[in-house]
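Undergrad: Structure provided below as structure tokens; questions to follow.
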Amino acid sequence: MDPVTLAVVRGALEQIGDEMDLHLIRAALSPIISETNDCAHGLYDPVTGETIAQGGFGLPQFLANMQFTVQRMIPVAAAAGGFKEGDIWIVNDPYLSGTHLNDVILLSPYFADGKLIALFANTGHWMDMGGSAPGGWVPTAQEIHQEGIIIPPLKLYEAGKRNEAVVAMITANVRMPQQLLGDLAAMINVFAVGRRGFDALVARYGIATLQSCITEMMHRSELQMRSYIEEIPDGTYRIEDYFDNDGVEDKPLTVALAIEVAGSNLHFDFTGTSPAALGPMNISDSTAKSLCFVALKHIFPDVPVNGGAFRPTRFTIPKGCILAAEYPSPVGGTTDVTQRVVDVVFGSLAQAIPALTPAAPFGTTGVATVSGRHPTSGKYFVAVYPYPGGYGGSSVSDGLVNGTPPGSMAKFMSVELSEHRYPVRFGYFGIRESSGGAGRHRGGCGTKYGIETLSDVLVSILGDRVDHAPFGVQGGGPGAPNSVIMSTGGREWIPPMRSKAEKVAFTRGDMFRLASPGGGGFGNPMERDIAAVEADLNGGLIDLATADKAYGVVATQVRMILDRPVYQADPEGTRIRRSAALRAESKAG
Amino acid sequence: MGGIVGIDVGGTFTDLFYSRDGTTVDAVLKVPSTPDDPSRGLIDALQAAGLEPSSLEVILHGTTIATNAVIERRGAHCALITTQGFRDVLELGRRDRQRMYGLTGVQQPLIGREMRWEIDERIDHHGEILRPLDVARLTRLAEALAREKIDAVVVSFLHAYANSTHEERARDILKAANPKWEIVISSEVVREYYEFERTSTAVVQGYLQPLVSRYARNLTEKLEGLGFKRQTLVMQSNGGLAPLSQLHRRAANIVRSGPAAGVMAAAKLAAEAGFTHVITGDMGGTSYDVAVVVNGVPRIAETTELDFRVPLRLPMIDVHTIGAGGGSIAFLDRGGILQVGPRSAGAVPGPICFGRGGTQPTVTDANAVLGRINADHPIGMKHLKRLDIESARKAMGELGKPLGLGVEATAEAILTIVNHVMARRTRLLTVEQGHDPRDFALVVFGGAGPLHGAAIMREVGIRTILLPPHPGVLCALGCAVADLRYDLSQTVERPVADLPTGFVREVLSRQRTDGEASLKSSGAEIASVEVKHAAEMSYLGQIHTLRVPLDPAWTAAQMIAAFEDIYRLEYGNVLSDIPVSVVGLKTSVYGIRTKPSSEPAAVADGGKAPKPASHRDVHFGRWISTPIYDRRDLLPGLRFEGPAIIEQSDTTSVIEPGMTARVDAHSNVLIEVA
């Protein structure tokens with residue numbers, strides 16, 4: 001293999017995915033695609049289904065999920081006579097295609113010289129797929145049918161002609177058919193962009209060279225992934241973490257993970273994880289695996305995204321557990337369940353490679369939705385507010401504030417835009433003080449916001465991490481847990497499921513108040529830089545008691561600016577205070 | 001003497017371009033920049049060129065002081081005052097992270113939390129006042145802040161774009177507390193929604209305003225001291241000029257002054273040479289900046305990210321930067337695949353062949369090993385007489401060994417890969433915007449651009465490269481060719497069908513009046529005024545908008561038709577069932593300066609080849625004895641074939657085998673695939 005051609009072809013294939021991503025992000029109607037990049041595009045091997053290349057702008061959570069979907073679609077298509085030129089397949093069946101019903105996947109075969117060379121696939125988040133609550137987040141769902149319509153693998157296009165019956169069947173069952181049609185058209189157009197790119201490569205290199213490049217580049221990615229795994233000390237690293245409840249039954253759910261590292265092989269064993277939840281806190285096994293790769297890529301960002309990088313891994317996920325959902329388990333909690341998968345991968349690898357692994361991030365996507373008819377236009381609307389939160393501290397820095405979940409790149413809608421579009425008013429939107437886990441590198445603080453409703457609407461919340469806070473590592477403390485407070489009819493109340501509430505009727509002047517978790521701390525807080533603690537105090541991120549107790553920093557108020565105190569740390573006093581704490585600790589230990 | 005001077009004050013060098021009559025090039029030079037007081041470097045350049053300031057008609061200049069101050073966090077001490085409950089908008093951003101993969105790192109807000117304050121007040125999106133401004137507390141806060149070490153105060157209230165009375169009142173109260181403060185209110189900087197982006201833009205303005213004011217003052221004094229009393233104009237990021245006297249109010253507008261100037265110059269030279277569709281490629285030591293010019297007009301970006309969570313929502317020439325430059329390091333990844341960049345050896349330790357301690361092979365080393373740059377006359381190097389080719393060869397040999405490649409093959413592989421990286425970014429820009437790159441000419445400049453332009457042209461499928469006469473000082477020239485420009489905008493966010501009759505015309509006419517007033521107060525000598533109107537439009541519910549040029553007299557139907565034409569061009573279809581919405585209305589007011597257009601020279605004996613200054617062996621697949629031309633010998637009308645190398649004081653250009661070059665009437669070298 002000519003090394004230059006190999007490098008150039010790899011770049012060109014990645015470029016095809018990138019161009020497809022950008023095209024959809026710009027053309028999609030649904031803000032969740034255009035504003036939050038909730039989509040993915042890639043090229044897949046038509047025989048093995050392995051990822052050849054995937055665009056770099058789509059969401060991480062689809063990193064490997066697309067490959068598993070394609071791998072499950074190949075036999076379905078084969079049974080229907082195989083992929084034909086001009087066909088486009090559609091599917092959103094989560095047990096097959098992962099994540100949730102809102103993520104619709106299209107598959108388009110690519111032919112050159114009459115030969116099937118690759119499969120193009122894309123996924124896009126459609127705002128509403130019907131079901132009992134707008135937007136598909138149904139915290140009390142007990143079967144998938146409450147979450148929307150299932151589209152089994154179907155030919156949406158046959159020989160270039162759209163199957164209008166399929167389209168009509170879908171649009172008749174969703175709340176915003178016009179938007180859906182716009183997104184569908186945009187997703188179809190993207191395949192033309194992909195084909196144009198691949199045609200140019202075929203014309204330049206020929207099919208034989210391209211195919212040997214693809215084979216070789218998967219092999220190289222596998223080598224690259226193995227070289228990283230080899231640097232992780234051999235052993236088995238275990239952790240358990242929990243969900244508050246499934247939204248239906250109030251009992252915690254366990255995610256248990258043992259990562260076995262042997263040479264250049266990784267085995268993710270989820271034995272001990274809770275069996276299927278009654279409520280929507282379930283995900284398909286392909287999504288669970290995909291999120292393990294997302295966590296790995298956060299630790300080793302240089303690993304390329306193709307099928308080769310996935311080869312050195314093996315999974316044991318007990319059939320029917322919350323991480324391997326089966327029909328008819330609801331899966332709408334996917335946005336939260338996926339967070340915990342990332343958390344446990346971090347938590348177990350932090351034992352093996354602490355220098356590379358951060359403490360737990362906020363760990364809940366906690367989607368709050370406000371829906372109803374707009375008082376002025378009379379049109380149906382769904383406003384979606386996904387939780388932001390703090391990242392965990394790491395060996396190199398404090399945790400970020402207002403981060404997006406590790407499996408996502410989705411942004412939070414601008415407050416002003418929100419108020420233009422929906423009958424809501426923000427009371428506040430700010431850093432949640434004192435919520436970052438204490439540590440040598442502090443966890444990032446959570447975010448707090450209060451949203452007032454201006455007309456009769458329904459509010460649903462599907463989150464987690466109220467009962468089990470994001471953990472710290474290497475001696476760092478936990479972040480503050482999640483908090484959800486409803487304020488309706490002049491009364492403040494906490495939902496019975498604490499982090500989950502469905503279709504609560506709100507009227508003008510009611511408000512919900514969310515405070516998202518902070519990230520876990522990294523390392524012993526008693527080793528935190530004194531100037532950093534002083535800055536945290538003056539910025540109001542921690543209070544004087546925390547500076548003293550958690551950080552052992554002696555600080556005094558030196559003056560006020562209006563009503564805000566200004567503190568100064570005393571380095572000598574702190575040294576004495578910290579060594580006393582150290583002595584007490586070693587005595588106790 | 002008379003004449004105009006263009007000066008680009010960069011981080012390392014200050015470049016000067018002088019023309020006696022606005023058409024001829026009478027001086028071109030580089031002097032070291034003086035970061036402690038950049039105005040000194042500018043004066044040094046004037047003196048080095050032997051120019052008498054008192055006799056100059058106009059001085060035009062670009063500067064990186066604003067960019068550097070933001071990136072290196074060397075701006076003013078500021079306080080930020082926000083609506084109660086929104087103290088942290090600046091720090092929170094919009095829920096994101098710095099990189100898609102990797103969760104480490106935090107942002108550094110330009111104003112820390114300890115200096116961000118809240119005041120009770122609230123306005124809704126219609127501009128209605130829900131809660132009055134708490135004047136009493138604001139007054140107390142202003143008095144308290146007056147005792148702090150603060151140079152500037154920024155005020156950003158929610159929905160201030162829809163009603164600015166609270167911000168204006170706050171400004172008055174603050175001004176009364178300390179008349180020395182620079183005070184910035186968000187509605188004056190951006191009249192658009194998106195609180196984070198607007199607040200950030202206002203904060204960038206406040207953060208830079210004291211620094212830029214000081215700079216403008218220093219420069220004015222120094223120039224006056226030298227007897228220069230006429231106009232000094234500064235390049236803004238939108239490609240238009242603003243007078244030095246207005247600079248402090250426009251500090252955030254000069255953040256990408258230099259790159260904008262480069263694109264303006266490239267567009268202008270290309271237009272004179274007959275090309276209206278142009279891709280500009282500026283390659284230096286660490287990065288490659290690429291921009292697209294359509295119908296002679298550089299594409300404008302509405303929002304630009306200056307740093308993580310530091311967006312600037314002001315119209316700026318859309319310049320995309322990737323980490324590919326002469327200093328980009330080549331390495332094998334863990335899978336054994338050759339990669340180049342984005343890591344750069346920078347100026348120190350630099351490429352191996354520069355002999356400053358660099359040990360990792362770079363793009364420049366590859367060019368040196370292949371004989372493309374002249375080892376005996378290193379450009380801009382005072383510390384060494386000859387490039388260290390032997391060490392560069394040794395490193396190439398080691399890098400190529402695992403790949404089974406020899407020294408020259410490894411160097412060529414490095415160039416192929418870096419050229420592909422640049423070609424891919426270039427393609428992405430044009431194809432994604434619905435253009436065919438074959439309709440474009442490529443103007444390459446910067447120290448390394450002309451070495452790589454030929455390969456980029458080949459890869460992207462571009463037909464012609466234009467090598468300007470002085471590629472190394474193009475930004476300085478850009479300042480000299482630009483016009484004055486003021487941009488105004490306002491958020492509307494309503495369906496076209498819902499707009500009252502006459503609304504659009506009224507908003508645009510107000511913007512025009514405001515822009516013309518700024519132009520008038522600039523005191524600049526202008527020949528004429530041009531006004532362009534546009535609407536940011538989308539289908540209802542879309543986040544991304546398209547910019548639609550607008551005639552204020554249009555009906556709603558005409559506006560929709562114009563939007564759909566552009567939508568079809570961009571995305572290949574229209575969504576006819578969905579209502580069309582106007583997100584914002586914009587006006588640009590231009591003050592067109594008198595610029596004598598460059599007279600084409602008489603073209604001597606068409607088709608004759610110039611005489612090479614020398615020959616040396618250059619590697620193009622194999623060693624070929626290649627003619628080396630001195631740029632000064634390349635007179636209009638001459639033609640020659642590749643392979644060839646052109647040498648001049650500021651750069652080296654490569655013409656590949658199978659390409660032809662000709663010198664046009666403006667002394668540009670045009671390269672085409674034969």
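Ligands are numbered from 1 in the order shown, residues from 1 within each chain, and chains are lettered A, B, ... in the order they appear in the structure tokens.
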Near segment 72-80 of chain A, within 9 Å and counting only C-alpha atoms, which residues show up once chain neighbours fewer than 3 positions away are dropped, as a list in words?

TA: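 Returned residues: Pro46, Val47, Thr48, Gly49, Gln67, Phe68, Thr69, Phe83, Trp89, Val91, Leu96, Ser97, Leu107, Pro153 and Leu154 of chain A.
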
Undergrad: Would you export the selected residues with N, CA, C and O atoms as a PDB file, in the first residue's frame, please?

TA:
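Dumped everything to part_29.pdb:
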ATOM      1  N   PRO A  46     -20.394  -2.469   2.942  1.00  0.00           N
ATOM      2  CA  PRO A  46     -21.697  -3.063   2.640  1.00  0.00           C
ATOM      3  C   PRO A  46     -21.800  -4.531   3.061  1.00  0.00           C
ATOM      4  O   PRO A  46     -22.895  -5.083   3.099  1.00  0.00           O
ATOM      5  N   VAL A  47     -20.667  -5.163   3.365  1.00  0.00           N
ATOM      6  CA  VAL A  47     -20.698  -6.568   3.763  1.00  0.00           C
ATOM      7  C   VAL A  47     -20.618  -6.708   5.284  1.00  0.00           C
ATOM      8  O   VAL A  47     -21.476  -7.308   5.919  1.00  0.00           O
ATOM      9  N   THR A  48     -19.591  -6.085   5.885  1.00  0.00           N
ATOM     10  CA  THR A  48     -19.412  -6.231   7.337  1.00  0.00           C
ATOM     11  C   THR A  48     -20.183  -5.158   8.108  1.00  0.00           C
ATOM     12  O   THR A  48     -20.409  -5.308   9.305  1.00  0.00           O
ATOM     13  N   GLY A  49     -20.561  -4.087   7.445  1.00  0.00           N
ATOM     14  CA  GLY A  49     -21.239  -2.987   8.127  1.00  0.00           C
ATOM     15  C   GLY A  49     -20.295  -2.109   8.931  1.00  0.00           C
ATOM     16  O   GLY A  49     -20.724  -1.159   9.585  1.00  0.00           O
ATOM     17  N   GLN A  67     -22.754   2.164  13.198  1.00  0.00           N
ATOM     18  CA  GLN A  67     -22.214   0.900  12.686  1.00  0.00           C
ATOM     19  C   GLN A  67     -23.099  -0.281  13.105  1.00  0.00           C
ATOM     20  O   GLN A  67     -23.418  -1.148  12.305  1.00  0.00           O
ATOM     21  N   PHE A  68     -23.503  -0.285  14.376  1.00  0.00           N
ATOM     22  CA  PHE A  68     -24.327  -1.414  14.839  1.00  0.00           C
ATOM     23  C   PHE A  68     -25.674  -1.433  14.119  1.00  0.00           C
ATOM     24  O   PHE A  68     -26.201  -2.495  13.806  1.00  0.00           O
ATOM     25  N   THR A  69     -26.224  -0.256  13.849  1.00  0.00           N
ATOM     26  CA  THR A  69     -27.497  -0.196  13.119  1.00  0.00           C
ATOM     27  C   THR A  69     -27.317  -0.768  11.717  1.00  0.00           C
ATOM     28  O   THR A  69     -28.105  -1.592  11.266  1.00  0.00           O
ATOM     29  N   PHE A  83     -29.708  -4.652  -1.326  1.00  0.00           N
ATOM     30  CA  PHE A  83     -29.741  -3.221  -1.614  1.00  0.00           C
ATOM     31  C   PHE A  83     -29.746  -3.006  -3.125  1.00  0.00           C
ATOM     32  O   PHE A  83     -28.956  -3.616  -3.840  1.00  0.00           O
ATOM     33  N   TRP A  89     -33.519   3.226   2.649  1.00  0.00           N
ATOM     34  CA  TRP A  89     -34.219   2.566   3.745  1.00  0.00           C
ATOM     35  C   TRP A  89     -34.379   3.535   4.909  1.00  0.00           C
ATOM     36  O   TRP A  89     -33.549   4.424   5.118  1.00  0.00           O
ATOM     37  N   VAL A  91     -35.547   3.660   9.226  1.00  0.00           N
ATOM     38  CA  VAL A  91     -35.817   2.880  10.433  1.00  0.00           C
ATOM     39  C   VAL A  91     -35.681   3.793  11.658  1.00  0.00           C
ATOM     40  O   VAL A  91     -34.880   4.733  11.649  1.00  0.00           O
ATOM     41  N   LEU A  96     -33.310  -2.009  17.370  1.00  0.00           N
ATOM     42  CA  LEU A  96     -32.466  -2.310  16.222  1.00  0.00           C
ATOM     43  C   LEU A  96     -31.478  -1.168  15.964  1.00  0.00           C
ATOM     44  O   LEU A  96     -30.286  -1.389  15.780  1.00  0.00           O
ATOM     45  N   SER A  97     -32.015   0.065  15.992  1.00  0.00           N
ATOM     46  CA  SER A  97     -31.159   1.178  15.575  1.00  0.00           C
ATOM     47  C   SER A  97     -30.698   2.050  16.736  1.00  0.00           C
ATOM     48  O   SER A  97     -30.068   3.076  16.522  1.00  0.00           O
ATOM     49  N   LEU A 107     -30.736   4.944   5.162  1.00  0.00           N
ATOM     50  CA  LEU A 107     -29.615   4.149   4.644  1.00  0.00           C
ATOM     51  C   LEU A 107     -29.707   4.165   3.124  1.00  0.00           C
ATOM     52  O   LEU A 107     -30.767   3.858   2.575  1.00  0.00           O
ATOM     53  N   PRO A 153     -37.711  -1.319   9.641  1.00  0.00           N
ATOM     54  CA  PRO A 153     -36.934  -1.103   8.421  1.00  0.00           C
ATOM     55  C   PRO A 153     -37.838  -1.183   7.193  1.00  0.00           C
ATOM     56  O   PRO A 153     -38.478  -2.202   6.973  1.00  0.00           O
ATOM     57  N   LEU A 154     -37.925  -0.084   6.447  1.00  0.00           N
ATOM     58  CA  LEU A 154     -38.799  -0.016   5.273  1.00  0.00           C
ATOM     59  C   LEU A 154     -38.049   0.662   4.145  1.00  0.00           C
ATOM     60  O   LEU A 154     -37.169   1.479   4.397  1.00  0.00           O
TER      61      LEU A 154
END

Undergrad: With only C-alpha atoms as the counted atoms, please give the residues lying no more than 9 Å from Ile494 of chain A, apart from itself and same-chain residues fewer than 6 positions off, as an NGL selection string.

TA: :A and (483-487)

Undergrad: I want to know what sits within 9 Å of Leu429 of chain B, based on only C-alpha atoms, with residues of the same chain fewer than 6 positions away left out; could you give that as a VMD selection string?

TA: chain B and resid 290 to 292 320 435

Undergrad: Identify which of the residues A:Leu458, A:Ala410, A:Ala112, A:Ala360 lies closest to chain B, counting only C-alpha atoms when measuring atom-to-atom distances.

TA: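 For chain B, the nearest of the candidates is A:Ala410.
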
Undergrad: Which residues are close to segment 414-430 of chain A, i.e. within 6 Å by only C-alpha atoms, leaving aside same-chain residues fewer than 4 positions away? Reply as a count of residues only.

TA: 12

Undergrad: DSSP says strand (DSSP E or B) for which residues of segment 561-591 of chain B? Put them as number ranges by chain?

TA: B: 580-591

Undergrad: Quick one: residues within 9 Å of Pro549 of chain B, only C-alpha atoms counted, chain neighbours fewer than 3 positions away excluded, as number ranges by chain?

TA: B: 532-536, 562-563

Undergrad: Mind checking which residues fall within 6 Å of Ala260 of chain B, counting only C-alpha atoms, ignoring those fewer than 2 positions away in the same chain, and posting them as a PyMOL selection string?

TA: chain B and resi 237+239+257-258+262-263+317
